[in-house]
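The structure appears below as structure tokens.
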Amino acid sequence: MPKISSDTLWEQAAEEVRSRETEGGEEEGGEPVSERSVFLTGSKAAGKTSILLRCLDRDEPSKPTLALEYTFGRRARGHNTPKDIAHIWELGGGTSLSDLVQIPITPVSIRGYSPFCLFPGRSPVILILDLSKPNTLWETMEKLLQAAQAQVEKISSKAQQAQKAKSGAKHQTAVQSAARVLPKDYPDRELISPFPVPLLIIGSKYDIFQEFDSDKRKVVSKTLRFVAHYYAASLIFTSIKSESLMSKTKSFFSHLAFGLDRGKTMSCDSTKPLIIPAGSDSFSQIGSPPTTDVDITSLHAKNPKDLWKKVYERVFPQENTSEQRELKDPAKDPQYSEPQIDAMRAQKDQELDQYKRNAAKSWKGLELET
């Protein structure tokens with residue numbers, strides 16, 4: 001077994017899987033096995049696990065994700081070829097546990113394992129947003145992407161400092177810079193801000209979303225098109241109730257996770273499910289923010305992304321997140337309820353409160369005596 005050099009338990013587990021599956025990194029025929037780490041996050045209860053299981057061809061019931069969970073998938077590139085491995089980390093709890101991004105996004109995962117992606121050597125991020133809840137969509141998207149981006153940039157900064165300390169270093173890694181280099185002919189290359197790693201945005205529950213008013217659907221669709229293009233990301237709307245949409249979603253997933261062809265299907269029509277590979281859209285095709293009841297100049301936006309955010313929030317005011325902050329403690333999250341344990345916890349909390357009150361009375365009594 002190769003020496004395990006990872007610092008955390010999660011990294012050690014991933015290293016153990018790699019060593020067992022690859023047996024030295026090669027299979028019969030001497031071809032190298034490709035490995036890649038994928039970080040999956042998104043809206044709470046958006047169907048992330050269900051979508052992941054379908055993409056991995058696993059016929060098993062989905063369960064609520066407990067904080068951060070690990071799994072892996074395998075795919076063969078062709079007949080009698082090695083099976084490539086994808087290490088998949090799924091973050092549950094929506095934005096409440098975004099601090100846990102530091103576990104799956106590490107120097108090891110960011111370095112990547114193979115050059116198959118359009119943007120090689122980077123650990124892709126998959127963001128799943130609940131289309132049926134547009135009033136939490138922007139805030140969820142913004143917080144989770146900010147958390148992931150900050151972690152990638154932190155790793156990159158540390159790597160740069162370490163490399164500077166090694167004068168004449170011969171070994172260069174893929175984390176030298178957080179910037180993702182796009183092809184010279186990429187649409188609006190000088191106007192966008194590419195996400196530091198390949199990004200796929202999935203809009204889930206399209207079966208519910210398609211029943212929305214057409215004007216509201218247009219606002220959500222155009223806004224997500226803008227965000228996806230701004231970050232040089234791919235975008236697809238899906239529903240686990242549609243075999244056709246799930247098949248296309250699986251193609252996008254397999255492209256990021258295993259380097260397989262994602263197909264050439266594309267749809268920018270807001271009356272239909274959006275299917276837009278990275279680099280296929282442009283600001284001229286997207287157009288301006290869809291608003292008729294407000295003067296855009298009165299919004300005092302700092303930049304184009306801020307303008308789209310302000311217009312979107314005019315149509316879909318974002319819900320108060322105080323409840324989400326209160327549920328920072330997973331023990332208070334109803335998603336993880338355990339009746340018997342919760343009842344015992346409530347009893348112990350009452351006993352602790354009573355103990356504190358009695359202790360406070362005792363101290364007051366001592367103060368009076370003195």
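In the structure tokens, the first chain shown is A, the next is B, and so on; residue numbers restart at 1 for each chain, and ligands run from 1 in the order shown.
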Original post:
Tell me, which residues of range 57-300 of chain A carry DSSP strand (DSSP E or B), written as a ChimeraX atom specification?
Top reply: /A:68-76,83-91,125-130,199-204,234-237,267,275-276
**OP:** Give me every alpha helix (DSSP H) residue in range 242-367 of chain A, going by DSSP on the backbone, as a ChimeraX atom specification.
**Re:** /A:243-258,283-286,304-315,322-326,339-367
**OP:** Figure out the distance between CA of Ile240 in chain A and CA of Leu66 in chain A, please, to one decimal in Å.
**Re:** 21.1 Å
Subject >> Phe72 in chain A environment, 7 Å, only C-alpha atoms, sequence neighbours closer than 5 positions dropped, as an NGL selection string >> reply: :A and (85-88)
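For range 310-313 of chain A, the set of protein, DNA and RNA residues having any atom at most 10 Å away, when counting only C-alpha atoms and skipping those fewer than 5 positions along the same chain, is Pro134, Asn135, Thr136, Leu137, Trp138, Glu139, Lys216, Val219, Val220, Lys222, Thr223, Pro289, Pro290, Thr291, Val294, Asp295, Ile296, Leu299, His300, Ala301, Pro304, Lys305, Gln318 and Glu319 of chain A.
Remark: for Ser247 in chain A, the closest of the candidate residues A:Ser132, A:Leu127, A:Leu56, A:Asn358 is A:Leu56 (distances computed over only C-alpha atoms).
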Subject >> Two-atom distance - CA of Ser43 in chain A, CA of Trp89 in chain A (Å) >> reply: 15.1 Å
Original post:
Could you state the separation of CA of Arg77 in chain A and CA of Leu260 in chain A in Å, given to one decimal place?
Top reply: 7.2 Å
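Proximity ranking of A:Asn303, A:Ser193, A:Thr238, A:Thr41 relative to Asp207 in chain A places A:Thr238 first, based on only C-alpha atoms.
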